[in-house]
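Okay, structure first, notes after.
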Amino acid sequence: MYESFRPLTGASNPHLQTLLPRLVRRRVRVQPHWQRLELPDGDFVDLAWSEDPQLAREKPRVVLFHGLEGNFYSPYAHGLLNAWREQGWLGVVMHFRGCSGVPNRKQRIYHSGETEDARFFLRWLRDSFGEVPTAAVGVSLGGNMLAYYLAQQGNDSLLQAAVVVSAPLMLEPCSLRMEQGFSRVYQHYLLGQLKQNATRKLLHYPGTLPLELSQLSKLRRIREFDDVITSRIHGFSDAVDYYRRCSALPLLPQITTPLLIIHAKDDPFMTDAVIPDLNSLPPNIEYQLTECGGHVGFVGGTLKKPQMWLEQRIPAWLSPFLEPTK
């Protein structure tokens with residue numbers, strides 16, 4: 001039986017759960033080994049490894065695909081990388097274009113269904129460091145992207161196993177949810193990050209986004225950002241077209257890789273629309289729905305000794321796939 005999640009005493013509120021990791025995981029426990037990977041189109045992605053990959057070729061590998069405007073310094077990212085390092089595995093965060101603090105060169109950015117960079121990276125990983133058991137974990141936006149990749153690849157996936165956490169598997173209902181109640185606070189924060197990143201890019205590479213700085217400052221919702229930037233750059237007619245074509249939920253039955261999906265019922269970024277019909281899921285997909293946990297929260301234990309449940313649950317679930325002989 002899998003390990004269930006019990007929230008930190010007195011902190012089952014979804015907003016508390018969502019915000020607590022920033023307090024509990026303030027100190028970065030792993031010193032990253034940075035590497036820049038040049039992409040075929042002349043752009044790049046930055047990699048943050050748990051150690052020098054040249055010295056860890058024999059170790060099982062776990063790739064992390066972060067959430068919207070996330071990076072290595074997101075609490076879940078360095079927390080998980082450290083947990084994998086303690087398992088004796090090699091961990092790496094593949095930063096989406098423009099998310100490592102340095103603007104990317106090309107017009108293209110990243111989005112929930114953009115799998116080309118992940119596909120190139122996973123092939124490069126295998127070709128550069130050899131074939132060892134490899135898994136991936138996708139968080140939030142990165143979780144939808146990972147599920148989308150697994151569905152596209154079918155039996156040709158380069159992963160032995162995968163985990164998806166707090167993923168907006170139906171993008172349109174999630175975008176509407178972010179415009180309601182307290183969730184608008186999260187939207188305001190994330191939109192601020194998106195605009196800051198876009199501003200940095202326009203200052204470095206004028207003309208690489210389909211709007212001017214003066215227009216950027218007027219955007220008030222993530223949906224507007226996706227309407228005028230994300231969808232226009234990537235060939236969608238508008239935000240709704242992008243959301244409908246890139247939602248991974250309808251594609252879950254096409255996935256053949258062993259996959260664990262973790263979702264909290266009280267996630268303030270989402271609605272029940274992201275919860276699949278469990279009868280339609282293939283046997284290789286395990287779905288764990290918790291009563292509480294917020295958005296990428298899942299903080300248990302006590303105030304004196306808080307525990308990051310994901311840092312225990314994910315390695316425990318991946319272990320049989322990455323270390324089958326143990």
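Labels used: A, B, ... for chains in the order of the structure tokens, numbers from 1 for residues in each chain, and numbers from 1 for ligands as shown.
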For Tyr149 in chain A: contacts at 10 Å, only C-alpha atoms, fewer than 6 positions along chain excluded, given as a short mmCIF file (atom, residue, chain, number, x, y, z; two decimals) with N, CA and C atoms, in the first residue's frame:
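Here's the written file part.cif:
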```cif
data_model
loop_
_atom_site.label_atom_id
_atom_site.label_comp_id
_atom_site.auth_asym_id
_atom_site.auth_seq_id
_atom_site.Cartn_x
_atom_site.Cartn_y
_atom_site.Cartn_z
N GLY A 113 2.56 22.36 -23.57
CA GLY A 113 2.60 21.24 -24.51
C GLY A 113 3.84 21.25 -25.38
N GLU A 114 4.84 22.04 -25.00
CA GLU A 114 6.06 22.17 -25.80
C GLU A 114 7.04 21.07 -25.36
N THR A 115 7.11 19.99 -26.14
CA THR A 115 7.90 18.82 -25.74
C THR A 115 9.20 18.67 -26.51
N GLU A 116 9.42 19.53 -27.50
CA GLU A 116 10.60 19.36 -28.38
C GLU A 116 11.91 19.45 -27.61
N ALA A 118 12.43 18.96 -24.38
CA ALA A 118 12.54 17.80 -23.47
C ALA A 118 12.96 16.56 -24.26
N ARG A 119 12.39 16.38 -25.45
CA ARG A 119 12.73 15.22 -26.28
C ARG A 119 14.21 15.27 -26.69
N GLY A 143 4.56 19.11 -15.31
CA GLY A 143 3.87 17.83 -15.20
C GLY A 143 2.97 17.59 -16.39
N SER A 157 9.15 6.05 -25.46
CA SER A 157 9.61 6.92 -24.38
C SER A 157 11.01 6.50 -23.93
N ALA A 248 -3.10 17.58 -21.30
CA ALA A 248 -2.66 16.18 -21.37
C ALA A 248 -3.71 15.18 -20.93
N LEU A 251 -5.09 12.57 -23.24
CA LEU A 251 -4.07 11.71 -23.85
C LEU A 251 -3.53 10.64 -22.90
N ILE A 255 -0.43 6.66 -22.79
CA ILE A 255 0.86 6.52 -22.10
C ILE A 255 1.09 5.05 -21.76
#
```
Could the residues of range 79-154 of chain A that have an atom at most 9 Å from range 256-271 of chain A be listed as a tab-separated table, each with its closest atom pair and the distance in Å to one decimal, counting only C-alpha atoms and ordered by chain and ascending residue number?
```
residue	atom	partner	partner_atom	distance
A:Gly143	CA	A:Ile261	CA	8.8
A:Ala147	CA	A:Leu259	CA	8.7
A:Leu150	CA	A:Thr257	CA	7.0
A:Ala151	CA	A:Thr256	CA	7.7
A:Gln153	CA	A:Thr256	CA	8.8
A:Gly154	CA	A:Thr256	CA	5.6
```
Selected residues, N, CA and C atoms, written as a compact mmCIF listing (two decimals), in the first residue's frame, please.
```
# COMPACT_ATOMS: atom_id res chain seq x y z
N GLY A 143 4.56 19.11 -15.31
CA GLY A 143 3.87 17.83 -15.20
C GLY A 143 2.97 17.59 -16.39
N ALA A 147 3.51 14.57 -19.15
CA ALA A 147 2.44 13.64 -19.54
C ALA A 147 2.19 13.71 -21.04
N LEU A 150 4.99 11.83 -22.79
CA LEU A 150 4.84 10.38 -22.65
C LEU A 150 3.74 9.86 -23.58
N ALA A 151 2.66 10.63 -23.74
CA ALA A 151 1.57 10.22 -24.64
C ALA A 151 2.05 10.25 -26.09
N GLN A 153 5.11 9.89 -27.19
CA GLN A 153 6.16 8.89 -27.42
C GLN A 153 5.64 7.46 -27.40
N GLY A 154 4.58 7.20 -26.62
CA GLY A 154 4.07 5.84 -26.51
C GLY A 154 5.16 4.88 -26.07
```
Checklist entry - Skipping near chain neighbours, those fewer than 5 positions away, what residues fall within 12 Å of Gly101 in chain A using only C-alpha atoms, listed as a list of chain:residue names? => result A:Val45, A:Asp46, A:Glu69, A:Gly70, A:Asn71, A:Phe72, A:Tyr73, A:His95, A:Phe96, A:Gln193, A:Leu194, A:Gln196, A:Asn197, A:Ala198, A:Thr199, A:Arg200, A:Lys201
Checklist entry - Which of these, A:Leu209, A:Val30, A:Leu8, A:Cys99, has the shortest distance to Val228 in chain A once you count only C-alpha atoms? => result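 The shortest atom-to-atom distance to Val228 in chain A comes from A:Leu209.
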Item to check | Expected answer as a ChimeraX atom specification: alpha helix (DSSP H) residues in range 187-278 of chain A | outcome: /A:187-204,213-216,222-225,231-234,239-246
Item to check | Pick from A:Gly235, A:Pro253, A:Pro324, A:Gly300 nearest to Ser4 in chain A, counting only C-alpha atoms | outcome: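 Among the listed residues, the smallest separation from Ser4 in chain A belongs to A:Gly300.
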Item to check | Residue contacts of Arg184 in chain A (12 Å, only C-alpha atoms) excluding same-chain residues fewer than 3 positions away, as number ranges by chain | outcome: A: 174-181, 187-192, 220-222, 268-269
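For the residues A:Gly138, A:Gly42, A:Pro250, A:Pro173, ranking by smallest atom-to-atom distance to Asp277 in chain A using only C-alpha atoms places A:Pro250 first.
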Can you tell me, as a PDB file with N, CA and C atoms, in the first residue's frame, what residues are no more than 9 Å from Ala135 in chain A when counting only C-alpha atoms, ignoring any on the same chain fewer than 2 positions away?
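Final output, saved to around-v3.pdb:
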```pdb
ATOM      1  N   PRO A  60      21.756   5.821 -11.530  1.00  0.00           N
ATOM      2  CA  PRO A  60      20.418   6.062 -12.077  1.00  0.00           C
ATOM      3  C   PRO A  60      20.176   7.577 -12.150  1.00  0.00           C
ATOM      4  N   ARG A  61      19.367   8.002 -13.114  1.00  0.00           N
ATOM      5  CA  ARG A  61      19.162   9.438 -13.342  1.00  0.00           C
ATOM      6  C   ARG A  61      17.693   9.812 -13.175  1.00  0.00           C
ATOM      7  N   VAL A  62      17.480  11.014 -12.612  1.00  0.00           N
ATOM      8  CA  VAL A  62      16.123  11.571 -12.543  1.00  0.00           C
ATOM      9  C   VAL A  62      16.160  13.014 -13.045  1.00  0.00           C
ATOM     10  N   VAL A  63      15.301  13.301 -14.021  1.00  0.00           N
ATOM     11  CA  VAL A  63      15.182  14.634 -14.608  1.00  0.00           C
ATOM     12  C   VAL A  63      13.990  15.345 -13.985  1.00  0.00           C
ATOM     13  N   LEU A  64      14.152  16.619 -13.668  1.00  0.00           N
ATOM     14  CA  LEU A  64      13.025  17.405 -13.152  1.00  0.00           C
ATOM     15  C   LEU A  64      12.626  18.462 -14.175  1.00  0.00           C
ATOM     16  N   PRO A 133      19.128   3.328 -16.031  1.00  0.00           N
ATOM     17  CA  PRO A 133      17.729   3.602 -15.700  1.00  0.00           C
ATOM     18  C   PRO A 133      17.500   5.099 -15.477  1.00  0.00           C
ATOM     19  N   VAL A 137      10.428  13.632 -13.428  1.00  0.00           N
ATOM     20  CA  VAL A 137       9.363  14.157 -12.570  1.00  0.00           C
ATOM     21  C   VAL A 137       8.964  15.513 -13.141  1.00  0.00           C
ATOM     22  N   LEU A 158      11.844   7.480 -23.614  1.00  0.00           N
ATOM     23  CA  LEU A 158      13.214   7.183 -23.167  1.00  0.00           C
ATOM     24  C   LEU A 158      13.289   7.062 -21.642  1.00  0.00           C
ATOM     25  N   LEU A 159      12.136   6.921 -21.000  1.00  0.00           N
ATOM     26  CA  LEU A 159      12.087   6.881 -19.537  1.00  0.00           C
ATOM     27  C   LEU A 159      11.585   5.531 -19.051  1.00  0.00           C
ATOM     28  N   GLN A 160      12.171   5.080 -17.940  1.00  0.00           N
ATOM     29  CA  GLN A 160      11.697   3.836 -17.314  1.00  0.00           C
ATOM     30  C   GLN A 160      10.462   4.087 -16.442  1.00  0.00           C
ATOM     31  N   ALA A 161      10.336   5.320 -15.948  1.00  0.00           N
ATOM     32  CA  ALA A 161       9.211   5.666 -15.083  1.00  0.00           C
ATOM     33  C   ALA A 161       9.103   7.190 -15.006  1.00  0.00           C
ATOM     34  N   ALA A 162       7.939   7.674 -14.553  1.00  0.00           N
ATOM     35  CA  ALA A 162       7.742   9.124 -14.438  1.00  0.00           C
ATOM     36  C   ALA A 162       6.740   9.420 -13.332  1.00  0.00           C
ATOM     37  N   VAL A 163       6.849  10.651 -12.788  1.00  0.00           N
ATOM     38  CA  VAL A 163       5.918  11.128 -11.764  1.00  0.00           C
ATOM     39  C   VAL A 163       5.453  12.524 -12.165  1.00  0.00           C
ATOM     40  N   LEU A 318       9.828   5.604  -7.207  1.00  0.00           N
ATOM     41  CA  LEU A 318      10.734   5.420  -8.353  1.00  0.00           C
ATOM     42  C   LEU A 318      11.755   4.301  -8.141  1.00  0.00           C
ATOM     43  N   PHE A 321      12.048   1.039 -10.174  1.00  0.00           N
ATOM     44  CA  PHE A 321      12.325   1.221 -11.619  1.00  0.00           C
ATOM     45  C   PHE A 321      13.782   1.622 -11.851  1.00  0.00           C
ATOM     46  N   LEU A 322      14.363   2.350 -10.885  1.00  0.00           N
ATOM     47  CA  LEU A 322      15.735   2.827 -11.058  1.00  0.00           C
ATOM     48  C   LEU A 322      16.770   1.860 -10.478  1.00  0.00           C
TER      49      LEU A 322
END
```
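Take CA of Glu224 in chain A and CA of Val164 in chain A: the distance between them is 26.4 Å.
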Checklist outcome for this item: CA of Tyr148 in chain A sits from CA of His111 in chain A at a separation of 11.3 Å
Checklist entry - Residues of range 165-306 of chain A in strand (DSSP E or B) according to DSSP, as a ChimeraX atom specification? => result /A:165,259-264,285-290,299-301,306
Export, as a short mmCIF file (atom, residue, chain, number, x, y, z; two decimals), in the first residue's frame, the selected residues with C-alpha atoms.
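Listed below is the output, selection_28.cif:
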```cif
data_model
loop_
_atom_site.label_atom_id
_atom_site.label_comp_id
_atom_site.auth_asym_id
_atom_site.auth_seq_id
_atom_site.Cartn_x
_atom_site.Cartn_y
_atom_site.Cartn_z
CA VAL A 165 2.74 16.39 -9.44
CA LEU A 259 3.51 6.79 -14.27
CA LEU A 260 2.45 8.07 -10.84
CA ILE A 261 0.15 11.12 -10.80
CA ILE A 262 -0.12 12.98 -7.48
CA HIS A 263 -2.84 15.59 -7.01
CA ALA A 264 -4.46 17.29 -4.02
CA ILE A 285 -0.76 4.71 -14.44
CA GLU A 286 -1.15 4.97 -10.68
CA TYR A 287 -3.28 7.91 -9.52
CA GLN A 288 -2.94 9.23 -5.98
CA LEU A 289 -5.55 11.81 -5.01
CA THR A 290 -5.02 13.32 -1.55
CA VAL A 299 4.09 19.48 3.97
CA GLY A 300 3.67 16.97 6.82
CA GLY A 301 5.26 16.38 10.22
CA PRO A 306 8.24 19.57 9.21
#
```
